[in-house]
Structures are given as structure tokens and as C-alpha cells.
$ cat protein.tsv   # TSV, C-alpha atoms
chain	number	residue	atom	x	y	z
A	79	MET	CA	-11.91	-43.64	11.45
A	80	SER	CA	-10.27	-41.95	8.50
A	81	GLY	CA	-11.98	-38.73	9.56
A	82	PHE	CA	-9.78	-38.70	12.64
A	83	SER	CA	-6.39	-39.54	11.12
A	84	PHE	CA	-3.37	-38.09	12.92
A	85	ASP	CA	-3.12	-34.30	12.75
A	86	ARG	CA	0.47	-33.41	13.56
A	87	ARG	CA	-0.07	-29.66	13.59
A	88	ALA	CA	-2.92	-29.90	16.12
A	89	PHE	CA	-0.91	-32.33	18.27
A	90	VAL	CA	2.07	-29.95	18.40
A	91	ALA	CA	-0.22	-26.99	19.14
A	92	GLY	CA	-1.82	-28.90	22.02
A	93	SER	CA	1.60	-29.82	23.34
A	94	ARG	CA	2.73	-26.18	23.20
A	95	ASP	CA	-0.49	-24.84	24.77
A	96	ILE	CA	-0.37	-27.23	27.74
A	97	ILE	CA	3.22	-26.34	28.63
A	98	ALA	CA	2.14	-22.75	29.34
A	99	ILE	CA	-0.29	-23.94	32.05
A	100	GLY	CA	1.32	-27.28	32.92
A	101	PHE	CA	4.79	-26.28	34.08
A	102	PRO	CA	3.65	-25.30	37.62
A	103	GLY	CA	3.07	-29.03	38.04
A	104	ILE	CA	6.84	-29.64	37.93
A	105	PRO	CA	7.65	-28.59	41.54
A	106	PHE	CA	4.41	-30.25	42.72
A	107	GLY	CA	5.33	-33.51	40.95
A	108	MET	CA	8.80	-33.37	42.51
A	109	VAL	CA	7.20	-33.00	45.96
A	110	ILE	CA	5.16	-36.14	45.24
A	111	GLY	CA	8.39	-37.94	44.34
A	112	VAL	CA	9.97	-36.89	47.64
A	113	VAL	CA	6.84	-37.94	49.58
A	114	ILE	CA	6.88	-41.36	47.85
A	115	ALA	CA	10.47	-41.87	49.00
A	116	GLU	CA	9.57	-40.89	52.58
A	117	SER	CA	6.24	-42.74	52.77
A	118	GLY	CA	7.74	-46.18	53.27
A	119	ILE	CA	5.32	-47.85	50.82
A	120	GLY	CA	8.15	-48.66	48.39
A	121	SER	CA	9.65	-46.49	45.68
A	122	PHE	CA	8.60	-48.63	42.73
A	123	VAL	CA	4.97	-49.11	43.73
A	124	GLY	CA	4.76	-45.40	44.60
A	125	TRP	CA	6.24	-44.42	41.25
A	126	VAL	CA	3.86	-46.68	39.31
A	127	GLY	CA	1.03	-45.17	41.38
A	128	SER	CA	1.93	-41.66	40.21
A	129	TRP	CA	1.03	-42.49	36.62
A	130	VAL	CA	-1.73	-44.98	37.42
A	131	ILE	CA	-3.56	-42.31	39.44
A	132	LEU	CA	-2.30	-39.26	37.52
A	133	ALA	CA	-3.92	-36.74	39.88
A	134	GLY	CA	-1.63	-34.75	42.18
A	135	ALA	CA	-3.92	-33.79	45.05
A	136	ALA	CA	-5.43	-37.27	45.42
A	137	ASN	CA	-2.01	-38.88	45.05
A	138	LEU	CA	-0.53	-36.73	47.81
A	139	ALA	CA	-3.44	-37.46	50.17
A	140	LEU	CA	-3.17	-41.18	49.38
A	141	LEU	CA	0.57	-41.24	50.16
A	142	GLU	CA	0.12	-39.36	53.43
A	143	LEU	CA	-2.69	-41.68	54.54
A	144	MET	CA	-0.79	-44.82	53.53
A	145	ALA	CA	2.30	-43.55	55.37
A	146	GLU	CA	0.28	-43.19	58.56
A	147	GLN	CA	-1.22	-46.68	58.08
A	148	ALA	CA	-4.80	-45.47	57.52
A	149	SER	CA	-7.32	-48.17	56.58
A	150	THR	CA	-7.72	-48.96	52.88
A	151	ALA	CA	-11.36	-47.85	53.08
A	152	VAL	CA	-10.32	-44.39	54.29
A	153	VAL	CA	-7.60	-44.11	51.62
A	154	LEU	CA	-9.97	-45.03	48.79
A	155	LEU	CA	-12.87	-42.96	50.11
A	156	THR	CA	-10.55	-39.93	50.18
A	157	VAL	CA	-9.53	-40.60	46.57
A	158	VAL	CA	-13.22	-40.85	45.61
A	159	PHE	CA	-14.02	-37.47	47.17
A	160	ILE	CA	-10.94	-35.54	46.01
A	161	ASN	CA	-11.32	-36.86	42.45
A	162	ALA	CA	-15.13	-36.55	42.25
A	163	ARG	CA	-14.63	-33.22	40.44
A	164	HIS	CA	-13.33	-35.20	37.45
A	165	ALA	CA	-16.86	-36.51	36.88
A	166	MET	CA	-17.92	-32.86	36.53
A	167	TYR	CA	-15.08	-32.27	34.06
A	168	SER	CA	-16.18	-35.37	32.17
A	169	ALA	CA	-19.77	-34.13	31.99
A	170	ALA	CA	-18.66	-30.65	30.89
A	171	LEU	CA	-16.47	-31.99	28.06
A	172	ARG	CA	-18.88	-34.68	26.81
A	173	PRO	CA	-20.80	-32.36	24.42
A	174	ARG	CA	-17.45	-31.13	23.02
A	175	PHE	CA	-16.46	-34.71	22.20
A	176	ALA	CA	-19.71	-35.41	20.33
A	177	GLY	CA	-19.05	-37.63	17.32
A	178	PHE	CA	-15.53	-38.55	18.47
A	179	PRO	CA	-14.54	-42.19	17.82
A	180	ARG	CA	-15.17	-44.88	20.42
A	181	TRP	CA	-11.49	-45.50	21.19
A	182	PHE	CA	-11.10	-41.86	22.17
A	183	ARG	CA	-13.95	-42.09	24.68
A	184	PHE	CA	-12.03	-44.76	26.59
A	185	ILE	CA	-8.40	-43.62	26.21
A	186	GLY	CA	-8.95	-39.85	26.37
A	187	PRO	CA	-10.40	-39.67	29.91
A	188	TYR	CA	-7.32	-41.34	31.44
A	189	PHE	CA	-5.41	-38.09	30.78
A	190	LEU	CA	-8.07	-35.72	32.14
A	191	ILE	CA	-5.82	-33.74	34.52
A	192	ASP	CA	-7.14	-30.34	35.70
A	193	GLN	CA	-5.05	-28.37	33.19
A	194	VAL	CA	-6.00	-30.69	30.31
A	195	PHE	CA	-9.64	-30.01	31.20
A	196	ALA	CA	-9.02	-26.25	31.45
A	197	LEU	CA	-7.45	-26.21	27.98
A	198	ALA	CA	-10.05	-28.47	26.31
A	199	ALA	CA	-12.95	-26.53	27.89
A	200	SER	CA	-11.54	-23.20	26.71
A	201	ARG	CA	-11.30	-24.15	23.02
A	202	PRO	CA	-13.90	-22.59	20.70
A	203	ASP	CA	-16.72	-24.89	19.55
A	204	GLU	CA	-16.15	-24.00	15.89
A	205	ILE	CA	-12.85	-25.90	15.68
A	206	ALA	CA	-13.15	-29.10	13.64
A	207	ALA	CA	-13.51	-32.36	15.60
A	208	ARG	CA	-10.34	-33.94	14.19
A	209	GLU	CA	-8.23	-30.95	15.15
A	210	ARG	CA	-9.78	-30.85	18.65
A	211	LEU	CA	-9.12	-34.55	19.18
A	212	TRP	CA	-5.42	-34.33	18.30
A	213	HIS	CA	-4.98	-31.06	20.16
A	214	TYR	CA	-6.36	-32.87	23.23
A	215	PHE	CA	-3.94	-35.75	22.79
A	216	GLY	CA	-1.00	-33.42	22.24
A	217	SER	CA	-1.78	-31.65	25.51
A	218	ALA	CA	-2.52	-34.92	27.33
A	219	VAL	CA	0.62	-36.82	26.34
A	220	THR	CA	2.85	-33.80	26.96
A	221	LEU	CA	1.49	-33.16	30.46
A	222	TRP	CA	1.68	-36.89	31.24
A	223	THR	CA	5.36	-36.90	30.29
A	224	LEU	CA	6.07	-33.72	32.27
A	225	TRP	CA	4.29	-35.13	35.34
A	226	VAL	CA	5.96	-38.54	35.33
A	227	ALA	CA	9.38	-36.94	34.70
A	228	SER	CA	8.84	-34.55	37.64
A	229	VAL	CA	7.79	-37.33	40.03
A	230	THR	CA	10.77	-39.42	38.88
A	231	ALA	CA	13.15	-36.50	39.43
A	232	GLY	CA	11.80	-35.90	42.94
A	233	LEU	CA	12.07	-39.60	43.76
A	234	LEU	CA	15.65	-39.92	42.51
A	235	LEU	CA	17.09	-36.55	43.49
A	236	GLY	CA	15.14	-35.78	46.67
A	237	ASP	CA	14.70	-32.24	47.98
A	238	VAL	CA	16.91	-30.46	45.43
A	239	ILE	CA	14.78	-27.32	45.20
A	240	ASP	CA	15.49	-24.86	48.01
A	241	PRO	CA	12.19	-24.62	49.96
A	242	ASP	CA	12.80	-20.87	50.35
A	243	TRP	CA	11.80	-20.48	46.69
A	244	GLN	CA	8.24	-21.59	47.61
A	245	LEU	CA	7.81	-22.95	44.08
A	246	THR	CA	4.75	-25.04	44.96
A	247	PHE	CA	2.92	-21.72	45.38
A	248	ALA	CA	2.73	-21.71	41.58
A	249	VAL	CA	-0.18	-24.18	42.00
A	250	PRO	CA	-2.62	-21.78	43.76
A	251	LEU	CA	-1.42	-18.98	41.48
A	252	LEU	CA	-2.17	-21.13	38.45
A	253	PHE	CA	-5.65	-22.12	39.59
A	254	SER	CA	-6.51	-18.51	40.43
A	255	GLY	CA	-5.54	-17.60	36.87
A	256	LEU	CA	-7.44	-20.51	35.31
A	257	MET	CA	-10.48	-19.47	37.34
A	258	LEU	CA	-10.32	-15.90	36.02
A	259	LEU	CA	-9.81	-17.08	32.43
A	260	SER	CA	-12.80	-19.45	32.70
A	261	ILE	CA	-15.24	-16.70	33.76
A	262	THR	CA	-17.12	-15.57	30.65
A	263	ASN	CA	-20.24	-13.95	32.17
A	264	ARG	CA	-21.67	-12.55	35.42
A	265	PRO	CA	-23.10	-15.87	36.68
A	266	GLY	CA	-19.55	-17.23	36.24
A	267	ILE	CA	-18.40	-14.73	38.89
A	268	THR	CA	-21.14	-16.01	41.20
A	269	ALA	CA	-20.09	-19.63	40.56
A	270	ALA	CA	-16.45	-18.82	41.40
A	271	MET	CA	-17.29	-16.82	44.54
A	272	VAL	CA	-19.64	-19.46	45.94
A	273	GLY	CA	-17.32	-22.34	44.93
A	274	GLY	CA	-14.30	-20.67	46.55
A	275	GLY	CA	-16.22	-19.50	49.62
A	276	VAL	CA	-17.77	-22.89	50.34
A	277	ALA	CA	-14.37	-24.56	49.80
A	278	LEU	CA	-12.89	-22.31	52.52
A	279	LEU	CA	-15.70	-23.26	54.90
A	280	THR	CA	-15.40	-27.00	54.22
A	281	THR	CA	-11.63	-27.55	54.47
A	282	ASP	CA	-12.16	-29.59	57.68
A	283	VAL	CA	-14.95	-31.79	56.31
A	284	PRO	CA	-13.70	-35.41	56.51
A	285	HIS	CA	-11.92	-37.30	53.72
A	286	GLY	CA	-11.41	-34.30	51.44
A	287	SER	CA	-15.10	-34.16	50.56
A	288	GLY	CA	-15.18	-30.35	50.91
A	289	VAL	CA	-13.97	-29.72	47.35
A	290	ILE	CA	-16.81	-31.53	45.60
A	291	ILE	CA	-19.38	-29.99	47.97
A	292	ALA	CA	-17.95	-26.56	47.09
A	293	ILE	CA	-17.98	-27.24	43.34
A	294	LEU	CA	-21.59	-28.44	43.40
A	295	ALA	CA	-22.56	-25.34	45.41
A	296	GLY	CA	-20.71	-23.05	42.96
A	297	VAL	CA	-22.20	-24.69	39.87
A	298	SER	CA	-25.70	-24.49	41.37
A	299	ALA	CA	-25.23	-20.84	42.33
A	300	GLY	CA	-24.00	-19.97	38.82
A	301	THR	CA	-26.97	-21.75	37.22
A	302	ILE	CA	-29.46	-20.02	39.54
A	303	ALA	CA	-27.86	-16.63	38.84
A	304	GLU	CA	-28.09	-17.30	35.09
A	305	THR	CA	-31.77	-18.29	35.34
A	306	ARG	CA	-32.57	-15.19	37.40
A	307	SER	CA	-30.81	-12.82	35.01
A	308	GLU	CA	-32.80	-14.33	32.13
A	309	VAL	CA	-36.07	-13.90	34.01
A	310	ALA	CA	-35.16	-10.29	34.77
A	311	ALA	CA	-34.23	-9.58	31.14
B	72	MET	CA	-4.64	-54.76	51.11
B	73	SER	CA	-1.12	-54.62	49.70
B	74	PRO	CA	0.15	-51.20	48.53
B	75	TRP	CA	-0.17	-52.48	44.95
B	76	ALA	CA	-3.86	-53.30	45.32
B	77	THR	CA	-4.58	-49.95	46.98
B	78	ILE	CA	-2.75	-48.03	44.25
B	79	PHE	CA	-4.50	-49.84	41.41
B	80	ALA	CA	-7.88	-49.45	43.11
B	81	ALA	CA	-7.19	-45.72	43.45
B	82	GLY	CA	-6.19	-45.58	39.77
B	83	ALA	CA	-9.36	-47.46	38.74
B	84	ILE	CA	-11.53	-45.06	40.78
B	85	THR	CA	-9.86	-42.06	39.17
B	86	TYR	CA	-10.16	-43.47	35.65
B	87	LEU	CA	-13.82	-44.46	36.04
B	88	THR	CA	-14.62	-41.00	37.43
B	89	ARG	CA	-12.95	-39.32	34.47
B	90	ALA	CA	-14.49	-41.68	31.93
B	91	SER	CA	-18.01	-41.55	33.39
B	92	PHE	CA	-19.77	-39.06	31.12
B	93	ILE	CA	-17.30	-39.02	28.21
B	94	ALA	CA	-17.55	-42.81	27.78
B	95	ALA	CA	-21.37	-42.61	27.98
B	96	GLY	CA	-21.13	-40.70	24.71
B	97	ASP	CA	-23.77	-39.11	22.52
B	98	ARG	CA	-26.64	-41.40	23.58
B	99	LEU	CA	-26.82	-39.84	27.03
B	100	ARG	CA	-29.41	-37.05	27.37
B	101	LEU	CA	-29.12	-34.68	30.31
B	102	PRO	CA	-31.90	-32.29	31.38
B	103	PRO	CA	-31.38	-28.85	29.78
B	104	VAL	CA	-30.79	-27.17	33.15
B	105	VAL	CA	-27.96	-29.62	33.89
B	106	GLU	CA	-26.41	-29.02	30.44
B	107	ARG	CA	-26.47	-25.28	31.11
B	108	SER	CA	-24.99	-25.71	34.58
B	109	LEU	CA	-21.90	-27.42	33.12
B	110	HIS	CA	-20.77	-24.02	31.87
B	111	TYR	CA	-19.96	-23.19	35.52
B	112	VAL	CA	-17.90	-26.29	36.30
B	113	ALA	CA	-14.59	-24.61	35.42
B	114	PRO	CA	-14.94	-21.37	37.43
B	115	ALA	CA	-16.46	-23.18	40.46
B	116	SER	CA	-13.82	-25.95	40.43
B	117	PHE	CA	-10.77	-23.75	39.96
B	118	ALA	CA	-11.98	-21.35	42.68
B	119	ALA	CA	-12.61	-24.29	45.02
B	120	ILE	CA	-9.01	-25.44	44.48
B	121	ALA	CA	-7.34	-22.01	44.51
B	122	LEU	CA	-8.89	-20.35	47.55
B	123	PRO	CA	-8.15	-22.97	50.24
B	124	ALA	CA	-4.64	-23.37	48.76
B	125	THR	CA	-4.06	-19.63	49.17
B	126	LEU	CA	-5.73	-19.01	52.54
B	127	GLY	CA	-5.63	-22.44	54.11
B	128	GLY	CA	-2.23	-22.35	55.80
B	129	ASP	CA	1.29	-23.17	54.70
B	130	ARG	CA	0.71	-26.18	52.48
B	131	PHE	CA	1.75	-24.47	49.23
B	132	ALA	CA	3.86	-21.58	50.53
B	133	ASN	CA	5.50	-21.81	53.91
B	134	VAL	CA	5.40	-18.12	54.83
B	135	GLY	CA	3.49	-18.28	58.12
B	136	ASP	CA	0.91	-15.64	57.25
B	137	ASP	CA	-1.87	-15.23	54.68
B	138	TRP	CA	-1.22	-11.69	53.51
B	139	PRO	CA	1.93	-12.34	51.39
B	140	ARG	CA	0.04	-15.08	49.57
B	141	ILE	CA	-2.99	-12.85	49.07
B	142	ALA	CA	-0.79	-10.05	47.71
B	143	ALA	CA	0.91	-12.47	45.29
B	144	VAL	CA	-2.44	-13.82	44.04
B	145	CYS	CA	-3.75	-10.25	43.55
B	146	VAL	CA	-0.73	-9.24	41.44
B	147	ALA	CA	-0.92	-12.47	39.39
B	148	SER	CA	-4.67	-11.91	38.90
B	149	ALA	CA	-4.14	-8.35	37.68
B	150	VAL	CA	-1.60	-9.60	35.12
B	151	ILE	CA	-3.88	-12.36	33.85
B	152	VAL	CA	-6.91	-10.08	33.56
B	153	ARG	CA	-4.87	-7.50	31.65
B	154	TRP	CA	-2.76	-9.72	29.35
B	155	ARG	CA	-4.40	-13.18	29.60
B	156	ASN	CA	-0.94	-14.73	29.80
B	157	VAL	CA	-0.52	-17.54	32.34
B	158	PRO	CA	3.32	-17.77	32.50
B	159	ALA	CA	3.59	-13.97	32.92
B	160	SER	CA	1.02	-14.02	35.74
B	161	LEU	CA	2.84	-16.86	37.52
B	162	LEU	CA	6.14	-15.01	37.26
B	163	ALA	CA	4.55	-11.80	38.57
B	164	GLY	CA	2.95	-13.66	41.49
B	165	MET	CA	6.12	-15.51	42.43
B	166	VAL	CA	8.27	-12.36	42.21
B	167	THR	CA	5.75	-10.55	44.43
B	168	LEU	CA	6.01	-13.33	47.01
B	169	TRP	CA	9.82	-13.31	46.86
B	170	VAL	CA	10.05	-9.54	47.25
B	171	ILE	CA	7.69	-9.57	50.26
B	172	LEU	CA	9.66	-12.38	51.90
B	173	ALA	CA	12.98	-10.62	51.19
B	174	VAL	CA	12.02	-7.26	52.71
B	175	ASN	CA	9.87	-8.65	55.53
$ encode --input "protein.tsv" --output "C-alpha cells"
Amino acid sequence: MSGFSFDRRAFVAGSRDIIAIGFPGIPFGMVIGVVIAESGIGSFVGWVGSWVILAGAANLALLELMAEQASTAVVLLTVVFINARHAMYSAALRPRFAGFPRWFRFIGPYFLIDQVFALAASRPDEIAARERLWHYFGSAVTLWTLWVASVTAGLLLGDVIDPDWQLTFAVPLLFSGLMLLSITNRPGITAAMVGGGVALLTTDVPHGSGVIIAILAGVSAGTIAETRSEVAA
Amino acid sequence: MSPWATIFAAGAITYLTRASFIAAGDRLRLPPVVERSLHYVAPASFAAIALPATLGGDRFANVGDDWPRIAAVCVASAVIVRWRNVPASLLAGMVTLWVILAVN
């Protein structure tokens, strides 16, 4: 355990790095707060849900379905499909957490929001394990705080942001940018094009299952492209 | 089910999904082709989230048409490719959207 004692510098760096890609979540979190207030499921249970679930897209779909009295099976199935991508994130980060202590393997994943994954996946492999662990926690705890504060603000204050500002558009802008930053080779371009293209074609597939279908298609296409380029070389 | 039970079930599903491979730890051995494929999880996932949010109607920007959103994403993308700075790209994309909406 002593090998993973608290590293304040790494924690602060993680906190600083996540703010740069986490702040677009503020207007989105506030929207969730407003939707909780309007959903009729109860403000307190909805608020607790925002940090129990800690995943914006799934949380929004859950609130909308609960508000329209959908069956519990449909609500939970939708959460399964929308959040299935987190299993891919988990698989992608696992080798980077090799040798990390047991407690981290159980606490760390709770915080695995898209941006936390993007940041952790982008860090060079050479960085020491202890520094990577505390950088992860710095980013995780900071984004958690930002998210819960945003949902709380939306719940208490309501629609305070003028909708004409279109601030939630920061979300697609952010993910476009994260996509471009995550492309490191030609097969990465293939993965993004197929993932994005299939996602456009599957928006009407039931229960939000289009996203995971699209990701699996994109990952497969990238892997095939990589194999082919190696064969050609 | 009560709202509480539904919410905690949804939270448990999300946690177990996120923990799946990380909690399995170093003992787990994946086939080499699967290990290599994980390199493409980030670009495929972020594209699969970004594209439908940009072209799939007014959910994230209520402007009635796709082209202002496409223009904003293009400007933001140019900024990120050139300077690799996320806040600057977001600002550039939002300003583009605001200018289009103001003059349109």
C-alpha cells in the first residue's frame, strides 16, 4: 500500500486537467436538475439518483421514461444499453491500471464518466503508477463535485440559463474534440467514421441500443483496418 | 418498483458495467486481437456520441436546422486539430453558432 500513498501534486494536476474537458457538463447537469424537478418522481430521490448513476445520458433517458410511466424493465434495459459503452472503457483502461491496489479496482470505476475515461486513456504509459492513480482520483472527485453541484443548481434554481445561448451544444462540441484528440493513427480515423456513421443510422433502434452497436462496429472496423495495413506493410 | 428501487438498480447496473474489466484485474487474459482493438474504443465511442448529437435534431441546440451545428463543429474541430486546446475549441464552436444565429 505504501507504494500508493497520497500524491498531492498528481491529484491537483488531475483536478486541473479534468476541468478543461469537464466544464461543458455544467449546463447539461443543470438541465438534468430541471428535468428532475419536472419529472414528478420527487426531487430528493431524483437528486440522489444523479450521483448514484453518475452518467448524464442514461440519467436523462431514465428521468424521461419514469416521467412517462414506462415499465421498470424498459427503464433499466435502456440504462443497460446506454451505459454498455462503460464496459468498453473499463476494458480499455484495465491494462493501464495493472498493479494498482485492490481498493482502487472497486472504488475507481464508480467515477468512470466519459471525460474521466478520455483523460485517463490519453495519459502516456510511462507515467508511474502512483502518479497515475492519484491523477485519476483528482480528475474523478473534481468532476463528481462539478456534476453534483450542477444538478443541484438546476434543481434549485430552475431554468436560469437563457435557452437562446444553446449552452448544451457544448456537449457535442466536446465529444467531437475528444474524438479528434483520441485518433492517433489511420485505423483510428476508420474507427471514428464507422462508429459515427453507424450511430447516425441506429438512432431509432429501441432502448438506446444504437450507441453500443455503433461503438462495437467502429472498434471492429478500426481493428480490421489495422490488421490490413500490417498485412500490406 | 418504487422510484428509489429503480434509481438504485440503475446505479448498480452502471457501477457493475464500469467495474467489469477493471475489477477483474491482472488475472484476466484477453485474446491479443481484443487487446489491440481496445485502442479504438475512444475514437469509436466519442464519434458515436458526437455525430447523432450534432445531426440528430434539436436535442442539444435548438436551431431548427443542421447546418449551423455542422459549421460550429467544423470550426471547433479546426481549432482543436491546430492547437489541441479543448476550451478554445469549445469557445470557437459556440461563438460560431451564436454568430450564425444572430445574422440568420
$ residues_around --input "protein.tsv" --residues "B:Ala124" --least-positions-apart "3" --cutoff "6 Å" --atoms "all atoms listed in the file" --output "MDAnalysis selection string"
(chainID A and resid 250) or (chainID B and resid 121 127)
$ atom_distance --input "protein.tsv" --atom1 "atom CA of A:Gly107" --atom2 "atom CA of B:Ile141"
23.7 Å
$ interface_residues --input "protein.tsv" --of "chain B" --to "chain A" --cutoff "7 Å" --atoms "only C-alpha atoms" --output "ChimeraX atom specification"
/B:72,74-75,77-79,81-82,84-86,88-94,96-97,108-109,111-125,131-133,144,147-148,151,157-158,161,164
$ atom_distance --input "protein.tsv" --atom1 "atom CA of A:Asp237" --atom2 "atom CA of A:Leu224"
18.0 Å
$ atom_distance --input "protein.tsv" --atom1 "atom CA of B:Trp154" --atom2 "atom CA of A:Phe215"
26.9 Å
$ axis_aligned_box --input "protein.tsv" --around "stretch 101-117 of chain B" --padding-each-side "8 Å" --output "JSON"
{"center_x": -21.3, "center_y": -28.0, "center_z": 35.1, "size_x": 37.1, "size_y": 29.3, "size_z": 26.7}
$ closest_residue --input "protein.tsv" --among "A:Phe84, A:Trp225, A:Tyr214, A:Phe159" --to "A:Val283" --atoms "all atoms listed in the file"
A:Phe159
$ residues_around --input "protein.tsv" --residues "A:His213" --least-positions-apart "2" --cutoff "8 Å" --atoms "only C-alpha atoms" --output "list in words"
Ala88, Phe89, Val90, Ala91, Gly92, Ser93, Glu209, Arg210, Leu211, Phe215, Gly216 and Ser217 of chain A
